[in-house]
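The next block is my_file.txt, given as compact mmCIF, N, CA and C atoms.
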# COMPACT_ATOMS: atom_id res chain seq x y z
N GLN A 1 -1.09 -25.82 1.05
CA GLN A 1 -2.18 -24.96 1.49
C GLN A 1 -1.67 -23.53 1.61
N VAL A 2 -2.47 -22.57 1.12
CA VAL A 2 -2.12 -21.16 1.19
C VAL A 2 -3.26 -20.42 1.89
N HIS A 3 -2.92 -19.60 2.83
CA HIS A 3 -3.90 -18.78 3.54
C HIS A 3 -3.67 -17.34 3.16
N LEU A 4 -4.73 -16.65 2.70
CA LEU A 4 -4.62 -15.29 2.22
C LEU A 4 -5.42 -14.35 3.13
N VAL A 5 -4.82 -13.22 3.49
CA VAL A 5 -5.49 -12.23 4.31
C VAL A 5 -5.34 -10.87 3.65
N GLU A 6 -6.48 -10.29 3.28
CA GLU A 6 -6.49 -8.97 2.67
C GLU A 6 -6.65 -7.88 3.73
N SER A 7 -6.15 -6.70 3.42
CA SER A 7 -6.34 -5.54 4.28
C SER A 7 -6.24 -4.28 3.43
N GLY A 8 -6.64 -3.16 4.02
CA GLY A 8 -6.48 -1.88 3.34
C GLY A 8 -7.74 -1.28 2.78
N GLY A 9 -8.85 -2.02 2.84
CA GLY A 9 -10.10 -1.47 2.35
C GLY A 9 -10.64 -0.39 3.27
N GLY A 10 -11.70 0.28 2.80
CA GLY A 10 -12.30 1.32 3.61
C GLY A 10 -13.17 2.23 2.78
N LEU A 11 -13.52 3.36 3.38
CA LEU A 11 -14.34 4.37 2.72
C LEU A 11 -13.45 5.49 2.22
N VAL A 12 -13.62 5.86 0.96
CA VAL A 12 -12.82 6.91 0.37
C VAL A 12 -13.70 7.74 -0.55
N GLN A 13 -13.37 9.02 -0.68
CA GLN A 13 -14.14 9.89 -1.56
C GLN A 13 -13.74 9.67 -3.02
N PRO A 14 -14.63 9.96 -3.94
CA PRO A 14 -14.26 9.87 -5.36
C PRO A 14 -13.00 10.69 -5.65
N GLY A 15 -12.13 10.10 -6.46
CA GLY A 15 -10.86 10.73 -6.76
C GLY A 15 -9.75 10.37 -5.79
N GLY A 16 -10.10 9.71 -4.71
CA GLY A 16 -9.11 9.33 -3.71
C GLY A 16 -8.36 8.05 -4.06
N SER A 17 -7.52 7.63 -3.13
CA SER A 17 -6.66 6.46 -3.33
C SER A 17 -6.75 5.52 -2.14
N LEU A 18 -6.52 4.26 -2.43
CA LEU A 18 -6.37 3.22 -1.41
C LEU A 18 -5.32 2.24 -1.87
N ARG A 19 -4.68 1.60 -0.92
CA ARG A 19 -3.72 0.54 -1.24
C ARG A 19 -4.13 -0.72 -0.50
N LEU A 20 -4.48 -1.73 -1.26
CA LEU A 20 -4.84 -3.01 -0.68
C LEU A 20 -3.60 -3.89 -0.58
N SER A 21 -3.57 -4.71 0.47
CA SER A 21 -2.49 -5.67 0.66
C SER A 21 -3.09 -7.05 0.86
N CYS A 22 -2.36 -8.05 0.43
CA CYS A 22 -2.76 -9.44 0.63
C CYS A 22 -1.53 -10.21 1.04
N VAL A 23 -1.54 -10.72 2.26
CA VAL A 23 -0.42 -11.49 2.77
C VAL A 23 -0.75 -12.97 2.67
N ALA A 24 0.19 -13.73 2.12
CA ALA A 24 0.01 -15.17 1.94
C ALA A 24 0.91 -15.94 2.89
N SER A 25 0.40 -17.05 3.37
CA SER A 25 1.21 -17.89 4.24
C SER A 25 0.94 -19.35 3.90
N GLY A 26 1.94 -20.19 4.18
CA GLY A 26 1.71 -21.62 4.09
C GLY A 26 2.33 -22.32 2.91
N SER A 27 2.85 -21.61 1.93
CA SER A 27 3.46 -22.30 0.80
C SER A 27 4.48 -21.38 0.14
N ILE A 28 4.99 -21.80 -0.98
CA ILE A 28 6.01 -21.02 -1.67
C ILE A 28 5.33 -19.96 -2.51
N PHE A 29 5.25 -18.77 -1.95
CA PHE A 29 4.49 -17.68 -2.54
C PHE A 29 4.95 -17.36 -3.95
N SER A 30 6.25 -17.38 -4.17
CA SER A 30 6.79 -16.91 -5.45
C SER A 30 6.33 -17.76 -6.63
N ARG A 31 5.88 -18.97 -6.38
CA ARG A 31 5.44 -19.84 -7.47
C ARG A 31 4.06 -19.46 -8.00
N TYR A 32 3.31 -18.74 -7.18
CA TYR A 32 1.91 -18.51 -7.49
C TYR A 32 1.71 -17.24 -8.30
N ALA A 33 0.83 -17.34 -9.28
CA ALA A 33 0.27 -16.13 -9.87
C ALA A 33 -0.71 -15.56 -8.84
N MET A 34 -0.80 -14.25 -8.79
CA MET A 34 -1.66 -13.58 -7.82
C MET A 34 -2.62 -12.65 -8.55
N GLY A 35 -3.82 -12.58 -8.02
CA GLY A 35 -4.80 -11.72 -8.66
C GLY A 35 -5.68 -11.00 -7.64
N TRP A 36 -6.21 -9.89 -8.09
CA TRP A 36 -7.24 -9.17 -7.35
C TRP A 36 -8.53 -9.22 -8.17
N TYR A 37 -9.60 -9.55 -7.49
CA TYR A 37 -10.91 -9.62 -8.10
C TYR A 37 -11.86 -8.80 -7.24
N ARG A 38 -13.02 -8.45 -7.80
CA ARG A 38 -13.99 -7.70 -6.99
C ARG A 38 -15.39 -8.14 -7.33
N GLN A 39 -16.26 -7.93 -6.36
CA GLN A 39 -17.66 -8.28 -6.54
C GLN A 39 -18.52 -7.22 -5.89
N ALA A 40 -19.32 -6.56 -6.72
CA ALA A 40 -20.28 -5.57 -6.24
C ALA A 40 -21.63 -6.24 -6.01
N PRO A 41 -22.47 -5.68 -5.16
CA PRO A 41 -23.78 -6.29 -4.90
C PRO A 41 -24.57 -6.49 -6.19
N GLY A 42 -25.07 -7.71 -6.37
CA GLY A 42 -25.86 -8.02 -7.56
C GLY A 42 -25.06 -8.35 -8.79
N ASN A 43 -23.73 -8.27 -8.67
CA ASN A 43 -22.88 -8.54 -9.83
C ASN A 43 -22.05 -9.80 -9.60
N GLU A 44 -21.54 -10.35 -10.69
CA GLU A 44 -20.62 -11.48 -10.58
C GLU A 44 -19.23 -10.98 -10.20
N ARG A 45 -18.45 -11.87 -9.66
CA ARG A 45 -17.06 -11.53 -9.34
C ARG A 45 -16.30 -11.31 -10.65
N GLU A 46 -15.49 -10.28 -10.68
CA GLU A 46 -14.76 -9.95 -11.91
C GLU A 46 -13.29 -9.72 -11.62
N LEU A 47 -12.50 -9.98 -12.65
CA LEU A 47 -11.07 -9.76 -12.57
C LEU A 47 -10.77 -8.27 -12.51
N VAL A 48 -9.86 -7.89 -11.63
CA VAL A 48 -9.36 -6.51 -11.58
C VAL A 48 -7.94 -6.46 -12.15
N ALA A 49 -7.06 -7.28 -11.60
CA ALA A 49 -5.66 -7.29 -12.04
C ALA A 49 -5.00 -8.59 -11.63
N VAL A 50 -4.05 -9.04 -12.42
CA VAL A 50 -3.29 -10.23 -12.09
C VAL A 50 -1.81 -9.96 -12.33
N ILE A 51 -0.97 -10.68 -11.59
CA ILE A 51 0.47 -10.60 -11.79
C ILE A 51 1.02 -12.03 -11.76
N GLU A 52 1.79 -12.36 -12.76
CA GLU A 52 2.35 -13.70 -12.87
C GLU A 52 3.48 -13.89 -11.86
N SER A 53 3.85 -15.15 -11.65
CA SER A 53 4.99 -15.45 -10.81
C SER A 53 6.25 -14.94 -11.49
N ALA A 54 7.32 -14.82 -10.71
CA ALA A 54 8.59 -14.38 -11.28
C ALA A 54 9.07 -15.39 -12.31
N THR A 55 8.81 -16.66 -12.06
CA THR A 55 9.22 -17.71 -12.99
C THR A 55 8.59 -17.50 -14.36
N ASN A 56 7.37 -17.00 -14.35
CA ASN A 56 6.65 -16.76 -15.60
C ASN A 56 6.78 -15.31 -16.07
N GLY A 57 7.73 -14.60 -15.52
CA GLY A 57 8.04 -13.27 -16.03
C GLY A 57 7.44 -12.12 -15.27
N GLY A 58 6.52 -12.40 -14.34
CA GLY A 58 5.97 -11.33 -13.53
C GLY A 58 5.11 -10.34 -14.30
N SER A 59 4.58 -10.74 -15.43
CA SER A 59 3.78 -9.81 -16.22
C SER A 59 2.46 -9.51 -15.53
N THR A 60 1.86 -8.40 -15.91
CA THR A 60 0.61 -7.95 -15.31
C THR A 60 -0.48 -7.80 -16.37
N ASN A 61 -1.70 -7.89 -15.90
CA ASN A 61 -2.84 -7.70 -16.79
C ASN A 61 -3.95 -7.04 -15.99
N TYR A 62 -4.69 -6.15 -16.64
CA TYR A 62 -5.72 -5.36 -15.94
C TYR A 62 -7.04 -5.38 -16.70
N ALA A 63 -8.11 -5.26 -15.94
CA ALA A 63 -9.40 -5.02 -16.56
C ALA A 63 -9.38 -3.65 -17.21
N ASP A 64 -10.08 -3.51 -18.32
CA ASP A 64 -10.09 -2.22 -19.02
C ASP A 64 -10.57 -1.09 -18.13
N SER A 65 -11.49 -1.40 -17.23
CA SER A 65 -12.10 -0.36 -16.40
C SER A 65 -11.13 0.24 -15.38
N VAL A 66 -10.00 -0.43 -15.13
CA VAL A 66 -9.05 0.09 -14.13
C VAL A 66 -7.69 0.44 -14.72
N LYS A 67 -7.49 0.19 -15.98
CA LYS A 67 -6.19 0.49 -16.60
C LYS A 67 -5.86 1.97 -16.45
N GLY A 68 -4.63 2.23 -16.06
CA GLY A 68 -4.18 3.60 -15.87
C GLY A 68 -4.50 4.17 -14.50
N ARG A 69 -5.32 3.47 -13.73
CA ARG A 69 -5.67 3.93 -12.38
C ARG A 69 -5.16 2.99 -11.29
N PHE A 70 -5.16 1.71 -11.57
CA PHE A 70 -4.76 0.71 -10.58
C PHE A 70 -3.42 0.09 -10.98
N THR A 71 -2.64 -0.29 -9.97
CA THR A 71 -1.36 -0.96 -10.21
C THR A 71 -1.22 -2.14 -9.26
N ILE A 72 -0.96 -3.31 -9.82
CA ILE A 72 -0.70 -4.50 -9.01
C ILE A 72 0.80 -4.72 -8.93
N SER A 73 1.26 -5.13 -7.75
CA SER A 73 2.68 -5.42 -7.57
C SER A 73 2.80 -6.50 -6.51
N ARG A 74 3.99 -7.08 -6.40
CA ARG A 74 4.20 -8.13 -5.41
C ARG A 74 5.59 -8.00 -4.81
N ASP A 75 5.68 -8.42 -3.57
CA ASP A 75 6.96 -8.48 -2.85
C ASP A 75 7.11 -9.92 -2.39
N ASN A 76 7.87 -10.70 -3.14
CA ASN A 76 8.00 -12.12 -2.83
C ASN A 76 8.71 -12.36 -1.50
N ALA A 77 9.58 -11.44 -1.11
CA ALA A 77 10.29 -11.59 0.17
C ALA A 77 9.33 -11.46 1.35
N LYS A 78 8.23 -10.72 1.13
CA LYS A 78 7.26 -10.51 2.20
C LYS A 78 5.96 -11.27 1.97
N ASN A 79 5.95 -12.12 0.94
CA ASN A 79 4.75 -12.91 0.63
C ASN A 79 3.51 -12.04 0.50
N THR A 80 3.66 -10.91 -0.15
CA THR A 80 2.58 -9.93 -0.20
C THR A 80 2.35 -9.45 -1.63
N VAL A 81 1.09 -9.29 -1.96
CA VAL A 81 0.71 -8.66 -3.22
C VAL A 81 -0.10 -7.41 -2.88
N PHE A 82 0.09 -6.36 -3.69
CA PHE A 82 -0.53 -5.07 -3.43
C PHE A 82 -1.42 -4.68 -4.61
N LEU A 83 -2.38 -3.85 -4.31
CA LEU A 83 -3.17 -3.20 -5.36
C LEU A 83 -3.28 -1.73 -4.99
N GLN A 84 -2.54 -0.91 -5.73
CA GLN A 84 -2.62 0.54 -5.55
C GLN A 84 -3.76 1.06 -6.42
N MET A 85 -4.72 1.70 -5.79
CA MET A 85 -5.91 2.18 -6.50
C MET A 85 -5.96 3.70 -6.41
N ASN A 86 -5.85 4.36 -7.54
CA ASN A 86 -5.90 5.81 -7.61
C ASN A 86 -7.13 6.26 -8.42
N SER A 87 -7.47 7.53 -8.27
CA SER A 87 -8.60 8.10 -9.01
C SER A 87 -9.84 7.22 -8.89
N LEU A 88 -10.14 6.85 -7.68
CA LEU A 88 -11.25 5.93 -7.44
C LEU A 88 -12.59 6.56 -7.82
N LYS A 89 -13.47 5.70 -8.31
CA LYS A 89 -14.80 6.11 -8.74
C LYS A 89 -15.86 5.35 -7.93
N PRO A 90 -17.06 5.89 -7.84
CA PRO A 90 -18.11 5.16 -7.12
C PRO A 90 -18.33 3.75 -7.66
N GLU A 91 -18.13 3.56 -8.95
CA GLU A 91 -18.33 2.22 -9.53
C GLU A 91 -17.23 1.23 -9.16
N ASP A 92 -16.21 1.70 -8.48
CA ASP A 92 -15.18 0.79 -7.95
C ASP A 92 -15.61 0.17 -6.63
N THR A 93 -16.72 0.61 -6.09
CA THR A 93 -17.22 0.06 -4.84
C THR A 93 -17.53 -1.42 -4.97
N ALA A 94 -16.92 -2.22 -4.10
CA ALA A 94 -17.08 -3.67 -4.16
C ALA A 94 -16.30 -4.30 -3.01
N VAL A 95 -16.50 -5.59 -2.85
CA VAL A 95 -15.61 -6.38 -2.01
C VAL A 95 -14.47 -6.86 -2.90
N TYR A 96 -13.26 -6.62 -2.46
CA TYR A 96 -12.07 -6.99 -3.24
C TYR A 96 -11.45 -8.25 -2.64
N TYR A 97 -11.19 -9.21 -3.51
CA TYR A 97 -10.67 -10.51 -3.10
C TYR A 97 -9.28 -10.75 -3.71
N CYS A 98 -8.46 -11.36 -2.93
CA CYS A 98 -7.13 -11.79 -3.37
C CYS A 98 -7.20 -13.26 -3.76
N ARG A 99 -6.47 -13.62 -4.81
CA ARG A 99 -6.45 -14.99 -5.28
C ARG A 99 -5.01 -15.41 -5.56
N ALA A 100 -4.68 -16.65 -5.18
CA ALA A 100 -3.38 -17.24 -5.49
C ALA A 100 -3.63 -18.54 -6.25
N TYR A 101 -2.96 -18.69 -7.40
CA TYR A 101 -3.18 -19.92 -8.17
C TYR A 101 -1.89 -20.39 -8.82
N PHE A 102 -1.75 -21.72 -8.86
CA PHE A 102 -0.55 -22.36 -9.41
C PHE A 102 -0.92 -23.78 -9.75
N MET A 103 -0.81 -24.14 -11.01
CA MET A 103 -1.21 -25.47 -11.51
C MET A 103 -2.65 -25.73 -11.07
N PHE A 104 -2.91 -26.78 -10.29
CA PHE A 104 -4.28 -27.07 -9.88
C PHE A 104 -4.59 -26.54 -8.49
N TYR A 105 -3.72 -25.70 -7.95
CA TYR A 105 -3.96 -25.07 -6.66
C TYR A 105 -4.63 -23.70 -6.89
N ASP A 106 -5.65 -23.42 -6.11
CA ASP A 106 -6.41 -22.20 -6.30
C ASP A 106 -6.98 -21.78 -4.95
N TYR A 107 -6.53 -20.60 -4.45
CA TYR A 107 -6.93 -20.14 -3.12
C TYR A 107 -7.46 -18.72 -3.19
N TRP A 108 -8.41 -18.44 -2.29
CA TRP A 108 -9.03 -17.11 -2.22
C TRP A 108 -9.00 -16.60 -0.78
N GLY A 109 -8.88 -15.28 -0.65
CA GLY A 109 -9.02 -14.66 0.64
C GLY A 109 -10.48 -14.38 0.96
N GLN A 110 -10.71 -13.79 2.12
CA GLN A 110 -12.07 -13.52 2.59
C GLN A 110 -12.64 -12.21 2.04
N GLY A 111 -11.78 -11.36 1.54
CA GLY A 111 -12.24 -10.12 0.94
C GLY A 111 -12.13 -8.92 1.87
N THR A 112 -12.02 -7.74 1.26
CA THR A 112 -12.00 -6.49 2.00
C THR A 112 -12.91 -5.49 1.26
N GLN A 113 -13.72 -4.77 2.02
CA GLN A 113 -14.70 -3.87 1.41
C GLN A 113 -14.04 -2.55 1.03
N VAL A 114 -14.31 -2.12 -0.19
CA VAL A 114 -13.92 -0.79 -0.65
C VAL A 114 -15.19 -0.04 -1.03
N THR A 115 -15.37 1.12 -0.42
CA THR A 115 -16.54 1.95 -0.71
C THR A 115 -16.07 3.33 -1.14
N VAL A 116 -16.49 3.74 -2.33
CA VAL A 116 -16.13 5.04 -2.87
C VAL A 116 -17.40 5.90 -2.90
N SER A 117 -17.42 6.88 -2.02
CA SER A 117 -18.63 7.68 -1.87
C SER A 117 -18.29 9.02 -1.25
N SER A 118 -19.05 10.04 -1.63
CA SER A 118 -18.87 11.36 -1.02
C SER A 118 -19.86 11.54 0.13
Here is a file; write its structure as structure tokens.
Amino acid sequence: QVHLVESGGGLVQPGGSLRLSCVASGSIFSRYAMGWYRQAPGNERELVAVIESATNGGSTNYADSVKGRFTISRDNAKNTVFLQMNSLKPEDTAVYYCRAYFMFYDYWGQGTQVTVSS
């Protein structure tokens, strides 16, 4: 069992930055691939960024809409995955969710709200 807790969301002006954190507890964090997803009102949940486990090379992948602006990283010693978000746009407004997955295990956090508005 893995328990995920996101933090770092809030209100930011267009062009600003936020750093989201997701702390995992309850299992061997380093085995899990980690991802950030988001869901805006009226829209389906979508992938933002993922990072593979160290065993699988730690590679990253991003949605086209955030490439060059967002960076996903992980600290296995602290059981934490981060999402650095720069040059934020109003269309980035959504609830951001953390996900941990490994084989048939799949866990989600409760989400943190990010609002980009002037």
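For the choices A:Val116, A:Ala33, A:Leu83, A:Ala24, the atom-to-atom distance to A:Ile51 is smallest for A:Ala33 when using all atoms listed in the file.
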Counting all atoms listed in the file, which residue out of A:Tyr32, A:Phe104, A:Phe82, A:Tyr37 sits closest to A:Leu20?
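For A:Leu20, the nearest of the candidates is A:Phe82.
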Using only C-alpha atoms, pick whichever of A:Phe70, A:Tyr107, A:Ala40, A:Asn76 has the shortest atom-to-atom distance to A:Ala54.
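Looking at the shortest contact to A:Ala54, the residue is A:Asn76.
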Just give me the gap between atom CA of A:Glu46 and atom CA of A:Ser21 in Å, one decimal is fine.
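Result for atom CA of A:Glu46 versus atom CA of A:Ser21: 18.1 Å, one decimal.
The coordinates place atom N of A:Arg74 at 19.9 Å from atom N of A:Leu88.
Each of A:Asn86, A:Tyr101, A:Thr80, A:Leu47 was compared to A:Arg31 using only C-alpha atoms, and A:Tyr101 turns out to be the nearest.
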For atom N of A:Cys98 and atom N of A:His3, the interatomic separation in Å (one decimal):
11.5 Å
If we count all atoms listed in the file and set the cut-off at 5 Å, which residues sit around A:Met85, ignoring sequence neighbours fewer than 2 positions away in its own chain? Please answer as a tab-separated table (two decimals) with N, CA and C atoms, in the coordinates of the input.
chain	number	residue	atom	x	y	z
A	17	SER	N	-7.52	7.63	-3.13
A	17	SER	CA	-6.66	6.46	-3.33
A	17	SER	C	-6.75	5.52	-2.14
A	18	LEU	N	-6.52	4.26	-2.43
A	18	LEU	CA	-6.37	3.22	-1.41
A	18	LEU	C	-5.32	2.24	-1.87
A	19	ARG	N	-4.68	1.60	-0.92
A	19	ARG	CA	-3.72	0.54	-1.24
A	19	ARG	C	-4.13	-0.72	-0.50
A	69	ARG	N	-5.32	3.47	-13.73
A	69	ARG	CA	-5.67	3.93	-12.38
A	69	ARG	C	-5.16	2.99	-11.29
A	70	PHE	N	-5.16	1.71	-11.57
A	70	PHE	CA	-4.76	0.71	-10.58
A	70	PHE	C	-3.42	0.09	-10.98
A	83	LEU	N	-2.38	-3.85	-4.31
A	83	LEU	CA	-3.17	-3.20	-5.36
A	83	LEU	C	-3.28	-1.73	-4.99
A	87	SER	N	-7.47	7.53	-8.27
A	87	SER	CA	-8.60	8.10	-9.01
A	87	SER	C	-9.84	7.22	-8.89
As a PDB file, in the frame of the given file, could you write out stretch 67-84 of chain A once it has been completed with N, CA, C and O atoms?
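Produced file rebuild28.pdb, reproduced below:
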ATOM      1  N   LYS A  67      -7.490   0.190 -15.980  1.00  0.00           N
ATOM      2  CA  LYS A  67      -6.190   0.490 -16.600  1.00  0.00           C
ATOM      3  C   LYS A  67      -5.860   1.970 -16.450  1.00  0.00           C
ATOM      4  O   LYS A  67      -6.710   2.836 -16.673  1.00  0.00           O
ATOM      5  N   GLY A  68      -4.630   2.230 -16.060  1.00  0.00           N
ATOM      6  CA  GLY A  68      -4.180   3.600 -15.870  1.00  0.00           C
ATOM      7  C   GLY A  68      -4.500   4.170 -14.500  1.00  0.00           C
ATOM      8  O   GLY A  68      -4.002   5.237 -14.144  1.00  0.00           O
ATOM      9  N   ARG A  69      -5.320   3.470 -13.730  1.00  0.00           N
ATOM     10  CA  ARG A  69      -5.670   3.930 -12.380  1.00  0.00           C
ATOM     11  C   ARG A  69      -5.160   2.990 -11.290  1.00  0.00           C
ATOM     12  O   ARG A  69      -4.805   3.454 -10.205  1.00  0.00           O
ATOM     13  N   PHE A  70      -5.160   1.710 -11.570  1.00  0.00           N
ATOM     14  CA  PHE A  70      -4.760   0.710 -10.580  1.00  0.00           C
ATOM     15  C   PHE A  70      -3.420   0.090 -10.980  1.00  0.00           C
ATOM     16  O   PHE A  70      -3.127  -0.070 -12.169  1.00  0.00           O
ATOM     17  N   THR A  71      -2.640  -0.290  -9.970  1.00  0.00           N
ATOM     18  CA  THR A  71      -1.360  -0.960 -10.210  1.00  0.00           C
ATOM     19  C   THR A  71      -1.220  -2.140  -9.260  1.00  0.00           C
ATOM     20  O   THR A  71      -1.345  -1.970  -8.041  1.00  0.00           O
ATOM     21  N   ILE A  72      -0.960  -3.310  -9.820  1.00  0.00           N
ATOM     22  CA  ILE A  72      -0.700  -4.500  -9.010  1.00  0.00           C
ATOM     23  C   ILE A  72       0.800  -4.720  -8.930  1.00  0.00           C
ATOM     24  O   ILE A  72       1.523  -4.509  -9.910  1.00  0.00           O
ATOM     25  N   SER A  73       1.260  -5.130  -7.750  1.00  0.00           N
ATOM     26  CA  SER A  73       2.680  -5.420  -7.570  1.00  0.00           C
ATOM     27  C   SER A  73       2.800  -6.500  -6.510  1.00  0.00           C
ATOM     28  O   SER A  73       1.836  -6.808  -5.800  1.00  0.00           O
ATOM     29  N   ARG A  74       3.990  -7.080  -6.400  1.00  0.00           N
ATOM     30  CA  ARG A  74       4.200  -8.130  -5.410  1.00  0.00           C
ATOM     31  C   ARG A  74       5.590  -8.000  -4.810  1.00  0.00           C
ATOM     32  O   ARG A  74       6.529  -7.532  -5.467  1.00  0.00           O
ATOM     33  N   ASP A  75       5.680  -8.420  -3.570  1.00  0.00           N
ATOM     34  CA  ASP A  75       6.960  -8.480  -2.850  1.00  0.00           C
ATOM     35  C   ASP A  75       7.110  -9.920  -2.390  1.00  0.00           C
ATOM     36  O   ASP A  75       6.540 -10.333  -1.376  1.00  0.00           O
ATOM     37  N   ASN A  76       7.870 -10.700  -3.140  1.00  0.00           N
ATOM     38  CA  ASN A  76       8.000 -12.120  -2.830  1.00  0.00           C
ATOM     39  C   ASN A  76       8.710 -12.360  -1.500  1.00  0.00           C
ATOM     40  O   ASN A  76       8.471 -13.358  -0.832  1.00  0.00           O
ATOM     41  N   ALA A  77       9.580 -11.440  -1.110  1.00  0.00           N
ATOM     42  CA  ALA A  77      10.290 -11.590   0.170  1.00  0.00           C
ATOM     43  C   ALA A  77       9.330 -11.460   1.350  1.00  0.00           C
ATOM     44  O   ALA A  77       9.587 -12.005   2.423  1.00  0.00           O
ATOM     45  N   LYS A  78       8.230 -10.720   1.130  1.00  0.00           N
ATOM     46  CA  LYS A  78       7.260 -10.510   2.200  1.00  0.00           C
ATOM     47  C   LYS A  78       5.960 -11.270   1.970  1.00  0.00           C
ATOM     48  O   LYS A  78       4.986 -11.075   2.697  1.00  0.00           O
ATOM     49  N   ASN A  79       5.950 -12.120   0.940  1.00  0.00           N
ATOM     50  CA  ASN A  79       4.750 -12.910   0.630  1.00  0.00           C
ATOM     51  C   ASN A  79       3.510 -12.040   0.500  1.00  0.00           C
ATOM     52  O   ASN A  79       2.422 -12.412   0.988  1.00  0.00           O
ATOM     53  N   THR A  80       3.660 -10.910  -0.150  1.00  0.00           N
ATOM     54  CA  THR A  80       2.580  -9.930  -0.200  1.00  0.00           C
ATOM     55  C   THR A  80       2.350  -9.450  -1.630  1.00  0.00           C
ATOM     56  O   THR A  80       3.305  -9.237  -2.382  1.00  0.00           O
ATOM     57  N   VAL A  81       1.090  -9.290  -1.960  1.00  0.00           N
ATOM     58  CA  VAL A  81       0.710  -8.660  -3.220  1.00  0.00           C
ATOM     59  C   VAL A  81      -0.100  -7.410  -2.880  1.00  0.00           C
ATOM     60  O   VAL A  81      -0.855  -7.388  -1.905  1.00  0.00           O
ATOM     61  N   PHE A  82       0.090  -6.360  -3.690  1.00  0.00           N
ATOM     62  CA  PHE A  82      -0.530  -5.070  -3.430  1.00  0.00           C
ATOM     63  C   PHE A  82      -1.420  -4.680  -4.610  1.00  0.00           C
ATOM     64  O   PHE A  82      -1.184  -5.093  -5.753  1.00  0.00           O
ATOM     65  N   LEU A  83      -2.380  -3.850  -4.310  1.00  0.00           N
ATOM     66  CA  LEU A  83      -3.170  -3.200  -5.360  1.00  0.00           C
ATOM     67  C   LEU A  83      -3.280  -1.730  -4.990  1.00  0.00           C
ATOM     68  O   LEU A  83      -3.979  -1.370  -4.043  1.00  0.00           O
ATOM     69  N   GLN A  84      -2.540  -0.910  -5.730  1.00  0.00           N
ATOM     70  CA  GLN A  84      -2.620   0.540  -5.550  1.00  0.00           C
ATOM     71  C   GLN A  84      -3.760   1.060  -6.420  1.00  0.00           C
ATOM     72  O   GLN A  84      -3.745   0.856  -7.640  1.00  0.00           O
TER      73      GLN A  84
END
